[in-house]
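**Q** The following file, start-v5.cif, comprises mmCIF, C-alpha atoms and all ligand atoms:
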data_work
loop_
_atom_site.label_atom_id
_atom_site.label_comp_id
_atom_site.auth_asym_id
_atom_site.auth_seq_id
_atom_site.Cartn_x
_atom_site.Cartn_y
_atom_site.Cartn_z
CA MET W 1 5.70 10.45 27.67
CA LYS W 2 6.65 13.27 25.33
CA LEU W 3 5.44 13.44 21.74
CA TYR W 4 6.20 16.02 19.08
CA ASN W 5 3.04 17.75 17.91
CA THR W 6 3.19 19.03 14.31
CA LEU W 7 0.37 21.45 15.13
CA SER W 8 2.05 23.25 18.07
CA GLN W 9 5.58 22.48 16.80
CA GLN W 10 6.44 21.48 20.36
CA PHE W 11 7.02 18.40 22.44
CA GLU W 12 3.94 17.76 24.53
CA THR W 13 3.38 15.57 27.53
CA PHE W 14 1.07 12.66 26.85
CA ASP W 15 -0.05 10.33 29.63
CA PRO W 16 -1.26 7.03 28.14
CA ARG W 17 -3.10 6.16 31.36
CA ALA W 18 -5.01 9.44 31.69
CA GLN W 19 -7.61 8.44 29.09
CA THR W 20 -8.35 5.92 26.38
CA THR W 21 -6.23 6.99 23.42
CA ARG W 22 -8.28 7.35 20.28
CA LEU W 23 -5.80 7.08 17.40
CA TYR W 24 -6.57 7.65 13.72
CA VAL W 25 -3.95 6.93 11.07
CA CYS W 26 -4.53 7.62 7.38
CA GLY W 27 -4.42 4.37 5.46
CA VAL W 28 -3.44 3.46 1.94
CA THR W 29 -5.08 4.36 -1.35
CA PRO W 30 -5.20 0.83 -2.73
CA TYR W 31 -4.09 1.12 -6.35
CA ASP W 32 -0.58 -0.28 -6.05
CA THR W 33 1.67 -2.40 -3.90
CA THR W 34 2.94 -1.68 -0.38
CA HIS W 35 6.47 -0.24 -0.36
CA LEU W 36 8.91 0.18 2.48
CA GLY W 37 7.87 3.81 3.00
CA HIS W 38 4.31 2.65 3.82
CA ALA W 39 5.68 -0.09 6.08
CA ALA W 40 7.83 2.46 7.96
CA THR W 41 4.78 4.65 8.67
CA TYR W 42 2.54 1.80 9.85
CA CYS W 43 5.32 0.19 11.92
CA THR W 44 5.89 3.58 13.62
CA PHE W 45 2.29 3.76 14.75
CA ASP W 46 2.40 0.07 15.66
CA ILE W 47 5.28 0.81 18.06
CA LEU W 48 3.33 3.78 19.43
CA ILE W 49 0.29 1.59 20.15
CA ARG W 50 2.40 -1.19 21.64
CA TYR W 51 4.25 1.29 23.86
CA LEU W 52 1.05 2.99 25.07
CA GLU W 53 -0.30 -0.45 26.00
CA TYR W 54 3.01 -1.49 27.60
CA GLN W 55 2.59 1.59 29.84
CA GLY W 56 -0.87 0.42 30.86
CA GLY W 57 -2.85 2.62 28.47
CA LYS W 58 -5.85 1.63 26.40
CA VAL W 59 -5.88 2.43 22.67
CA ILE W 60 -8.68 2.41 20.13
CA PHE W 61 -7.17 2.53 16.67
CA THR W 62 -8.83 3.42 13.38
CA GLU W 63 -7.11 3.18 10.02
CA ASN W 64 -8.96 3.84 6.78
CA VAL W 65 -8.94 2.68 3.19
CA THR W 66 -9.21 5.50 0.64
CA ASP W 67 -11.02 3.27 -1.82
CA ILE W 68 -12.55 5.97 -4.01
CA ASP W 69 -10.04 8.52 -5.17
CA ASP W 70 -8.55 10.06 -8.32
CA ASP W 71 -5.81 7.40 -8.21
CA THR W 72 -8.06 4.34 -8.00
CA ILE W 73 -10.36 5.73 -10.72
CA ARG W 74 -7.44 6.61 -13.01
CA GLU W 75 -5.49 3.36 -12.56
CA ALA W 76 -8.33 0.81 -12.81
CA PRO W 77 -9.00 1.02 -16.59
CA LYS W 78 -5.24 0.92 -17.33
CA ARG W 79 -5.20 -2.48 -15.64
CA GLY W 80 -8.39 -3.72 -17.27
CA THR W 81 -10.44 -3.62 -14.08
CA ASN W 82 -12.74 -1.32 -12.11
CA TRP W 83 -11.91 0.79 -9.04
CA ARG W 84 -13.73 -1.56 -6.65
CA ASP W 85 -11.89 -4.72 -7.73
CA LEU W 86 -8.58 -2.86 -7.94
CA GLY W 87 -9.11 -1.54 -4.40
CA ASN W 88 -10.03 -4.96 -3.02
CA TYR W 89 -7.02 -6.56 -4.69
CA TRP W 90 -4.45 -4.12 -3.32
CA THR W 91 -6.11 -3.87 0.11
CA ALA W 92 -5.84 -7.66 0.42
CA HIS W 93 -2.19 -7.36 -0.62
CA PHE W 94 -1.57 -4.63 1.97
CA ILE W 95 -3.23 -6.75 4.68
CA ARG W 96 -0.96 -9.70 3.83
CA ASP W 97 2.10 -7.45 4.23
CA MET W 98 0.83 -6.06 7.55
CA ILE W 99 0.21 -9.58 8.91
CA ALA W 100 3.67 -10.69 7.79
CA LEU W 101 5.28 -7.69 9.52
CA ASN W 102 3.33 -8.38 12.73
CA VAL W 103 1.62 -4.98 12.59
CA ARG W 104 -1.40 -4.83 14.89
CA PRO W 105 -4.71 -4.51 13.03
CA PRO W 106 -6.88 -1.44 13.59
CA ASP W 107 -10.03 -1.86 15.67
CA PHE W 108 -11.93 -0.09 12.90
CA TYR W 109 -10.99 -0.29 9.23
CA PRO W 110 -13.54 1.80 7.31
CA ARG W 111 -13.59 2.46 3.58
CA ALA W 112 -14.44 5.91 2.25
CA THR W 113 -17.40 4.41 0.38
CA ASP W 114 -18.83 3.13 3.70
CA VAL W 115 -19.49 6.72 4.83
CA ILE W 116 -21.04 8.47 1.80
CA PRO W 117 -24.15 9.62 3.81
CA GLU W 118 -21.87 11.02 6.54
CA ILE W 119 -19.76 12.82 3.93
CA ILE W 120 -22.87 14.42 2.43
CA ALA W 121 -24.06 15.50 5.89
CA PHE W 122 -20.63 17.01 6.55
CA ALA W 123 -20.68 19.04 3.33
CA LYS W 124 -24.27 20.18 3.94
CA THR W 125 -23.45 21.46 7.41
CA LEU W 126 -20.33 23.25 6.20
CA ILE W 127 -22.45 25.04 3.56
CA GLU W 128 -25.05 26.00 6.19
CA LYS W 129 -22.34 27.38 8.45
CA GLY W 130 -20.82 29.46 5.66
CA PHE W 131 -17.55 27.53 5.28
CA ALA W 132 -18.44 25.87 1.98
CA TYR W 133 -20.41 26.62 -1.17
CA GLU W 134 -22.06 24.70 -3.98
CA SER W 135 -21.04 25.50 -7.53
CA GLY W 136 -22.07 23.61 -10.66
CA GLY W 137 -22.93 20.40 -8.83
CA SER W 138 -19.71 20.40 -6.79
CA VAL W 139 -19.14 21.63 -3.22
CA TYR W 140 -15.98 23.45 -2.18
CA PHE W 141 -14.52 24.45 1.16
CA HIS W 142 -13.82 28.19 1.11
CA VAL W 143 -10.41 28.61 2.73
CA ASN W 144 -10.82 32.37 3.25
CA ALA W 145 -13.82 31.66 5.49
CA TYR W 146 -11.50 30.01 8.00
CA ALA W 147 -8.80 32.30 9.37
CA LYS W 148 -6.77 29.47 10.91
CA PHE W 149 -6.22 27.66 7.59
CA GLY W 150 -2.48 26.90 7.48
CA GLN W 151 -2.17 26.31 11.24
CA LEU W 152 -0.83 22.76 10.84
CA SER W 153 1.54 23.14 7.90
CA HIS W 154 2.92 26.54 8.96
CA ILE W 155 3.65 27.52 5.37
CA PRO W 156 2.68 30.65 3.41
CA ARG W 157 -0.21 30.63 0.99
CA ASP W 158 1.86 30.50 -2.23
CA GLN W 159 3.64 27.36 -0.97
CA MET W 160 0.34 25.80 0.06
CA LEU W 161 -1.00 26.41 -3.42
CA ALA W 162 2.08 24.93 -5.11
CA ILE W 163 1.90 21.74 -3.02
CA ALA W 164 -1.88 21.43 -3.43
CA ASN W 165 -1.47 21.66 -7.21
CA GLU W 166 0.95 18.72 -7.12
CA ARG W 167 -1.55 16.72 -5.07
CA GLY W 168 -4.60 16.88 -7.34
CA ASN W 169 -5.78 20.48 -6.86
CA PHE W 170 -7.12 22.28 -9.96
CA PRO W 171 -6.29 25.97 -9.35
CA ASP W 172 -7.99 27.09 -12.57
CA ASP W 173 -11.29 25.31 -11.89
CA PRO W 174 -13.74 28.07 -12.98
CA LYS W 175 -16.31 26.85 -10.44
CA LYS W 176 -14.07 27.85 -7.50
CA ARG W 177 -13.98 31.22 -5.79
CA ASP W 178 -10.34 30.83 -4.80
CA PRO W 179 -7.64 28.60 -6.35
CA LEU W 180 -6.87 27.16 -2.90
CA ASP W 181 -10.50 26.19 -2.19
CA PHE W 182 -10.69 22.42 -2.06
CA VAL W 183 -13.39 20.06 -3.15
CA LEU W 184 -15.74 18.37 -0.64
CA TRP W 185 -17.99 16.86 -3.27
CA GLN W 186 -17.25 16.69 -6.98
CA ALA W 187 -19.91 16.53 -9.65
CA GLN W 188 -19.79 13.35 -11.69
CA ALA W 189 -17.41 13.41 -14.65
CA PRO W 190 -18.30 11.24 -17.66
CA GLY W 191 -17.64 7.57 -16.95
CA GLU W 192 -16.82 8.09 -13.28
CA PRO W 193 -18.58 6.32 -10.39
CA ALA W 194 -21.15 8.49 -8.63
CA TRP W 195 -23.53 8.60 -5.69
CA ASP W 196 -26.70 10.68 -5.35
CA SER W 197 -26.44 13.87 -3.36
CA PRO W 198 -28.43 17.10 -2.81
CA TRP W 199 -26.16 18.63 -5.50
CA GLY W 200 -26.64 15.88 -8.06
CA PRO W 201 -24.60 12.74 -8.75
CA GLY W 202 -20.95 12.88 -7.74
CA ARG W 203 -18.27 11.54 -5.44
CA PRO W 204 -16.47 12.77 -2.33
CA GLY W 205 -13.27 14.80 -2.28
CA TRP W 206 -10.20 13.18 -0.75
CA HIS W 207 -9.90 15.11 2.53
CA ILE W 208 -13.54 14.93 3.62
CA GLU W 209 -13.41 11.15 3.52
CA CYS W 210 -11.04 11.02 6.49
CA SER W 211 -12.95 13.71 8.41
CA ALA W 212 -16.15 11.69 8.00
CA MET W 213 -14.61 8.29 8.83
CA ASN W 214 -12.94 9.82 11.88
CA TYR W 215 -16.14 11.46 13.09
CA LYS W 216 -18.21 8.34 12.53
CA THR W 217 -15.75 6.21 14.52
CA PHE W 218 -14.73 8.56 17.29
CA GLY W 219 -17.02 11.59 17.42
CA PRO W 220 -15.80 15.21 17.43
CA THR W 221 -12.31 14.93 18.96
CA ILE W 222 -9.49 12.41 19.22
CA GLU W 223 -6.18 12.20 21.07
CA ILE W 224 -3.74 11.44 18.24
CA HIS W 225 -3.97 11.76 14.46
CA GLY W 226 -1.14 10.28 12.45
CA GLY W 227 0.08 9.67 8.94
CA GLY W 228 3.02 10.13 6.62
CA ALA W 229 4.71 13.54 6.55
CA ASP W 230 3.50 14.04 2.97
CA LEU W 231 -0.04 14.28 4.36
CA VAL W 232 0.55 17.39 6.52
CA PHE W 233 -0.47 19.55 3.60
CA PRO W 234 -2.95 19.50 2.05
CA HIS W 235 -4.65 16.43 3.50
CA HIS W 236 -4.44 17.00 7.25
CA GLU W 237 -4.66 20.79 7.03
CA CYS W 238 -7.94 20.34 5.15
CA GLU W 239 -9.15 17.67 7.59
CA ILE W 240 -8.78 20.08 10.51
CA ALA W 241 -10.57 22.87 8.61
CA GLN W 242 -13.50 20.59 7.82
CA THR W 243 -13.81 18.87 11.17
CA VAL W 244 -13.55 21.78 13.61
CA ASN W 245 -15.93 23.88 11.56
CA PHE W 246 -18.37 20.99 11.36
CA THR W 247 -18.21 20.10 15.07
CA GLY W 248 -17.73 23.59 16.52
CA GLU W 249 -15.03 22.21 18.84
CA SER W 250 -11.84 24.18 19.48
CA TYR W 251 -9.69 21.30 18.26
CA PHE W 252 -9.85 18.04 16.33
CA ALA W 253 -6.81 15.97 17.40
CA LYS W 254 -4.76 16.88 20.48
CA ILE W 255 -1.55 15.67 18.87
CA TRP W 256 -0.64 15.38 15.18
CA MET W 257 2.17 12.89 14.50
CA HIS W 258 3.90 12.52 11.15
CA ALA W 259 6.30 9.84 10.00
CA ALA W 260 9.15 11.07 7.81
CA MET W 261 9.64 9.90 4.25
CA VAL W 262 11.99 7.08 3.31
CA GLY W 263 14.44 7.61 0.46
CA TYR W 264 16.21 5.25 -1.87
CA LYS W 265 18.99 6.05 -4.33
CA GLY W 266 19.00 9.70 -3.33
CA GLU W 267 15.29 10.42 -3.81
CA LYS W 268 12.10 10.04 -1.80
CA MET W 269 10.71 6.56 -2.39
CA SER W 270 7.74 7.11 -4.66
CA LYS W 271 5.80 5.43 -7.39
CA SER W 272 6.34 8.30 -9.80
CA LEU W 273 10.14 8.10 -9.45
CA GLY W 274 10.07 4.32 -9.78
CA ASN W 275 12.52 3.78 -6.87
CA LEU W 276 10.27 1.60 -4.74
CA VAL W 277 11.46 -1.16 -2.45
CA MET W 278 8.55 -3.56 -2.04
CA VAL W 279 7.86 -5.22 1.29
CA SER W 280 6.78 -8.44 -0.44
CA GLU W 281 10.13 -8.56 -2.28
CA LEU W 282 12.16 -7.99 0.91
CA LEU W 283 10.18 -10.74 2.65
CA LYS W 284 11.55 -13.26 0.14
CA LYS W 285 15.06 -12.76 1.52
CA TYR W 286 14.60 -11.26 4.99
CA SER W 287 12.49 -12.29 7.97
CA PRO W 288 9.81 -9.97 9.36
CA ASP W 289 12.03 -9.40 12.42
CA HIS W 290 14.94 -8.29 10.20
CA ILE W 291 12.71 -5.68 8.57
CA ARG W 292 11.01 -4.59 11.81
CA LEU W 293 14.32 -4.12 13.65
CA TYR W 294 15.77 -2.27 10.65
CA LEU W 295 12.77 0.09 10.59
CA ALA W 296 12.86 0.61 14.37
CA LYS W 297 16.48 1.72 14.08
CA HIS W 298 15.32 4.91 12.33
CA HIS W 299 13.67 7.75 14.21
CA TYR W 300 10.17 8.28 12.86
CA ARG W 301 10.63 12.04 12.39
CA ALA W 302 14.00 11.94 10.62
CA PRO W 303 13.98 11.23 6.87
CA TRP W 304 16.31 8.34 6.05
CA GLU W 305 17.63 6.37 3.15
CA PHE W 306 17.16 2.65 2.55
CA THR W 307 20.30 0.54 1.95
CA TYR W 308 20.68 -3.22 1.72
CA ALA W 309 23.92 -3.00 3.76
CA ASP W 310 22.05 -1.50 6.74
CA LEU W 311 19.30 -4.09 6.44
CA ASP W 312 21.93 -6.86 6.34
CA PHE W 313 23.44 -5.51 9.56
CA SER W 314 20.04 -5.89 11.26
CA VAL W 315 20.09 -9.58 10.31
CA SER W 316 23.04 -10.31 12.60
CA GLN W 317 21.53 -8.18 15.38
CA CYS W 318 18.29 -10.17 15.14
CA THR W 319 20.27 -13.41 15.30
CA HIS W 320 21.87 -12.29 18.57
CA LEU W 321 18.56 -11.14 20.03
CA THR W 322 16.94 -14.46 19.18
CA GLN W 323 19.91 -16.32 20.63
CA ALA W 324 19.57 -14.24 23.80
CA ALA W 325 15.90 -15.20 24.08
CA GLN W 326 16.71 -18.91 23.64
CA THR W 327 19.95 -19.38 25.50
CA GLN W 328 20.13 -21.47 28.68
CA GLY W 329 21.62 -19.89 31.79
CA GLY W 330 22.59 -21.58 35.02
CA ASP W 331 21.64 -21.32 38.69
CA GLY W 332 24.00 -18.46 39.54
CA PRO W 333 22.73 -15.06 40.74
CA ALA W 334 19.89 -13.68 38.60
CA MET W 335 20.88 -11.19 35.89
CA ASP W 336 19.75 -7.65 36.65
CA TYR W 337 17.74 -6.01 33.88
CA ALA W 338 16.43 -2.89 35.68
CA TYR W 339 18.98 -0.61 33.97
CA ALA W 340 18.10 -1.93 30.50
CA ARG W 341 14.43 -1.60 31.21
CA GLU W 342 14.81 1.98 32.39
CA GLN W 343 16.84 2.92 29.32
CA PHE W 344 14.33 1.26 26.98
CA GLU W 345 11.32 2.93 28.57
CA ASN W 346 12.99 6.34 28.77
CA ALA W 347 13.93 6.17 25.08
CA LEU W 348 10.41 5.39 23.89
CA ALA W 349 8.94 7.95 26.29
CA ASP W 350 11.17 10.54 24.59
CA ASP W 351 9.11 11.08 21.43
CA LEU W 352 9.27 7.39 20.51
CA ASP W 353 13.05 7.22 20.18
CA SER W 354 13.02 3.68 18.83
CA PRO W 355 16.65 3.79 17.56
CA THR W 356 17.93 4.30 21.13
CA ALA W 357 15.48 1.71 22.46
CA ALA W 358 16.55 -0.82 19.80
CA ALA W 359 20.27 -0.18 20.36
CA GLY W 360 19.82 -0.65 24.11
CA LEU W 361 17.92 -3.88 23.55
CA CYS W 362 20.63 -5.25 21.24
CA ALA W 363 23.33 -4.41 23.79
CA PHE W 364 21.24 -6.04 26.51
CA GLY W 365 20.88 -9.16 24.37
CA GLU W 366 24.67 -9.41 24.02
CA ALA W 367 25.09 -9.00 27.78
CA LEU W 368 22.44 -11.63 28.42
CA ILE W 369 24.31 -14.18 26.31
CA GLU W 370 27.50 -13.46 28.31
CA HIS W 371 25.64 -13.84 31.60
CA ALA W 372 24.14 -17.13 30.46
CA ASP W 373 27.59 -18.37 29.44
CA ALA W 374 28.74 -17.47 32.97
CA ARG W 375 25.98 -19.74 34.30
CA ARG W 376 23.92 -16.86 35.71
CA ASP W 377 20.14 -17.21 36.01
CA VAL W 378 18.75 -15.27 32.99
CA THR W 379 15.11 -16.44 33.12
CA ALA W 380 13.58 -13.16 34.31
CA ALA W 381 15.88 -11.16 32.01
CA GLN W 382 14.68 -13.24 29.05
CA THR W 383 11.04 -12.70 29.98
CA TRP W 384 11.64 -8.95 29.97
CA LEU W 385 13.65 -9.13 26.73
CA ARG W 386 10.73 -10.78 24.95
CA ARG W 387 8.31 -8.24 26.34
CA ALA W 388 10.45 -5.29 25.26
CA ALA W 389 11.12 -6.82 21.83
CA ASN W 390 7.37 -7.20 21.43
CA VAL W 391 6.96 -3.42 21.83
CA LEU W 392 9.13 -3.08 18.71
CA GLY W 393 6.97 -5.71 16.98
CA LEU W 394 9.69 -8.40 17.10
CA ARG W 395 8.90 -12.09 17.52
CA LEU W 396 12.42 -13.42 18.30
CA ASP W 397 12.07 -17.18 18.86
CA ALA W 398 8.30 -17.31 18.40
CA PHE W 399 7.06 -18.46 15.01
CA GLY W 400 5.07 -16.17 12.69
CA PRO W 401 2.95 -13.14 13.58
CA GLU W 402 0.99 -12.94 16.84
CA ALA W 403 -2.37 -14.73 16.77
CA ARG W 404 -4.26 -11.48 17.46
CA VAL W 405 -2.49 -9.81 14.52
CA ARG W 406 -3.48 -12.56 12.12
CA SER W 407 -7.06 -13.00 13.33
CA GLY W 408 -7.78 -9.24 13.49
CA TRP W 409 -6.56 -8.54 9.96
CA GLU W 410 -8.23 -11.67 8.58
CA GLN W 411 -11.52 -10.44 10.00
CA HIS W 412 -11.07 -7.11 8.17
CA SER W 413 -9.99 -8.84 4.95
CA LEU W 414 -13.39 -10.53 4.62
CA ARG W 415 -14.76 -7.16 3.47
CA PHE W 416 -12.23 -6.97 0.63
CA PRO W 417 -12.88 -10.12 -1.40
CA SER W 418 -10.10 -10.37 -3.93
CA ALA W 419 -10.16 -12.51 -7.03
ZN ZN E 501 -6.58 10.64 5.64
#
With the file now loaded, output its structure as structure tokens.
Ligand SMILES: [Zn+2]

**A**
Amino acid sequence: MKLYNTLSQQFETFDPRAQTTRLYVCGVTPYDTTHLGHAATYCTFDILIRYLEYQGGKVIFTENVTDIDDDTIREAPKRGTNWRDLGNYWTAHFIRDMIALNVRPPDFYPRATDVIPEIIAFAKTLIEKGFAYESGGSVYFHVNAYAKFGQLSHIPRDQMLAIANERGNFPDDPKKRDPLDFVLWQAQAPGEPAWDSPWGPGRPGWHIECSAMNYKTFGPTIEIHGGGADLVFPHHECEIAQTVNFTGESYFAKIWMHAAMVGYKGEKMSKSLGNLVMVSELLKKYSPDHIRLYLAKHHYRAPWEFTYADLDFSVSQCTHLTQAAQTQGGDGPAMDYAYAREQFENALADDLDSPTAAAGLCAFGEALIEHADARRDVTAAQTWLRRAANVLGLRLDAFGPEARVRSGWEQHSLRFPSA
């Protein structure tokens, strides 16, 4: 198949059967509820995993929980709780949404706070190799020590700085050598949680958490690293800088995949703008299949805008698909599905073109109903329809999420006891 690589800015051939695919996708920072933008990102990578497996590939999938972060520390006292309980509460909420949407659970689901020793080892090595420095109890990555910094985001330094400043960077931090240097370990601020380190008590920076969780799960290199497009810079740019200079490898992830942002009412869906559409709210009126089909009808790299009218249109399409899966044919000649199968597979092989795949499947469903009405044998066509729908995460006439979805997430949720 072909996948667009943010790093090379090119479509690259990826053979799911050539190796086990190690996939890392950045998870949520659990301080608020799951909105449709999150769901779109995780459903994109769910379709990727399902398609790689459909093609006979093997996938090992890690998603993380950024449980210690500026956001969790800042929000907890406002809600009369602490960062740990807040994180557990919203992680449990996120898991419920993922189960409802039939999103496959990761094989590994680490928290940042599970890998504090690994984070410290990472920072120590980067200091020893000359890519980082200690200053006043904090450790910073020195961007000028790494000539390839900017290779993923492809933007000039002044733009990098402007975006970093919006995402928690302190350009005027007097302890830094360069305003773009980013923190690997931050000295404890009054009242903040802290862990012991060679530089005194403190907590990890945001980007090093994912580098460490990735390394601990997979080792020095992986096949695919994914996340929302808002993570390209600074988060993923910084991850590459940390990881390749720690491991000494020429690359970190072969392919970097980014899911575009979802808009609503003319703006990017975001907490700060207050234009969020919550998955849990949609699930009160729409079935998981309605939402999954609606999401699949948008290409993962093209930003799009949520509307209720479009979601409502997916409802009738789902009804037809389900009807196609259930309808009774006759004993006439068997319905041919080779053309539909070829179209479906070619679409997903073309940089995960789920809108074309979904449209083809809907058209095939309509044709199947007509063939059944004409007393044709549709049994094999229905078996394939279910299999293809499953690649898009749809359940059609089956009830509730897949058993492996529920049991896998429930296993992970034991580590996030929520009051
Ligand atoms: Zn991350």

**Q** Within 10 Å of W:Arg74, counting all atoms listed in the file, which residues qualify if same-chain residues fewer than 4 places away don't, as a list in words?

**A** Tyr31, Asp69, Asp70, Lys78, Arg79, Asn82, Trp83 and Glu192 of chain W

**Q** Using 7 Å as the limit and counting all atoms listed in the file, can you tabulate each residue of chain W that touches ligand ZN 501 (chain E), with its shortest atom-to-atom distance in Å and the two atoms involved, as a Markdown table?

**A**
| residue | atom | partner | partner_atom | distance |
| --- | --- | --- | --- | --- |
| W:Cys26 | CA | E:ZN501 | ZN | 4.0 |
| W:Gly27 | CA | E:ZN501 | ZN | 6.6 |
| W:His207 | CA | E:ZN501 | ZN | 6.4 |
| W:Cys210 | CA | E:ZN501 | ZN | 4.6 |
| W:His235 | CA | E:ZN501 | ZN | 6.5 |
| W:His236 | CA | E:ZN501 | ZN | 6.9 |

**Q** For the selection just defined, write its residues with C-alpha atoms to a file, as an mmCIF file, in the frame of the given file.

**A**
data_model
loop_
_atom_site.group_PDB
_atom_site.id
_atom_site.type_symbol
_atom_site.label_atom_id
_atom_site.label_comp_id
_atom_site.auth_asym_id
_atom_site.auth_seq_id
_atom_site.Cartn_x
_atom_site.Cartn_y
_atom_site.Cartn_z
ATOM 1 C CA CYS W 26 -4.530 7.620 7.380
ATOM 2 C CA GLY W 27 -4.420 4.370 5.460
ATOM 3 C CA HIS W 207 -9.900 15.110 2.530
ATOM 4 C CA CYS W 210 -11.040 11.020 6.490
ATOM 5 C CA HIS W 235 -4.650 16.430 3.500
ATOM 6 C CA HIS W 236 -4.440 17.000 7.250
#

**Q** With only C-alpha atoms as the basis for distance, which of W:Met269, W:Ala187, W:Val277, W:Ile163 is at the shortest distance from W:Val139?

**A**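 So, comparing all the options, the nearest one is W:Ala187.
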
**Q** Could you tell me how far atom CA of W:Pro220 lies from atom CA of W:Leu7, in Å and to one decimal?

**A** 17.5 Å

**Q** Find the distance between atom CA of W:Val183 and atom CA of W:Lys216 and write it in Å to one decimal.

**A**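 Calculated distance between atom CA of W:Val183 and atom CA of W:Lys216 is 20.2 Å.
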
**Q** Could you work out how far atom CA of W:Leu321 lies from atom CA of W:Pro355, giving the answer in Å with one decimal?

**A** 15.3 Å

**Q** Considering all atoms listed in the file, state which residue in the set W:Ile119, W:Ala100, W:Leu36, W:Ala132 is at the smallest distance from W:Arg395.

**A**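 Going through W:Ile119, W:Ala100, W:Leu36, W:Ala132 one by one, the smallest distance to W:Arg395 is for W:Ala100.
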
**Q** At a cut-off of 12 Å around the point (16.4, 9.8, 10.2) (file coordinates), what residues fall inside when counting only C-alpha atoms? I'd like the answer as number ranges by chain.

**A** W: 40, 259-263, 295-306, 353-355

**Q** List the spatial neighbours of W:Asp397 as a PyMOL selection string - criterion: any atom at most 12 Å away, only C-alpha atoms, same-chain residues fewer than 5 positions off excluded.

**A** chain W and resi 287+289+318-327+382+385-386+389-390

**Q** With distances taken over all atoms listed in the file, which of W:Val378, W:Asp178, W:Asn165, W:Leu293 is nearest to W:Gln328?

**A**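 Checking each of W:Val378, W:Asp178, W:Asn165, W:Leu293 against W:Gln328, counting all atoms listed in the file, the winner is W:Val378.
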
**Q** Looking at W:Asp310, W:Glu366, W:Glu134, W:Glu63, which one is nearest to W:Ala340, with distances taken over all atoms listed in the file?

**A** W:Glu366

**Q** Would you kindly return, as a list in words, each protein, DNA or RNA residue with an atom no farther than 7 Å from any atom of W:Arg376, considering only C-alpha atoms and excluding same-chain residues fewer than 3 positions away?

**A**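 My list of contacting residues is Gly329, Gly330, Asp331, Gly332, Pro333, Ala334, Met335, His371 and Ala372 of chain W.
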
**Q** Any idea what's packed within 10 Å of W:Met160, counting only C-alpha atoms, ignoring anything in its chain fewer than 2 positions away? Could you give it as a count of residues only?

**A** 15
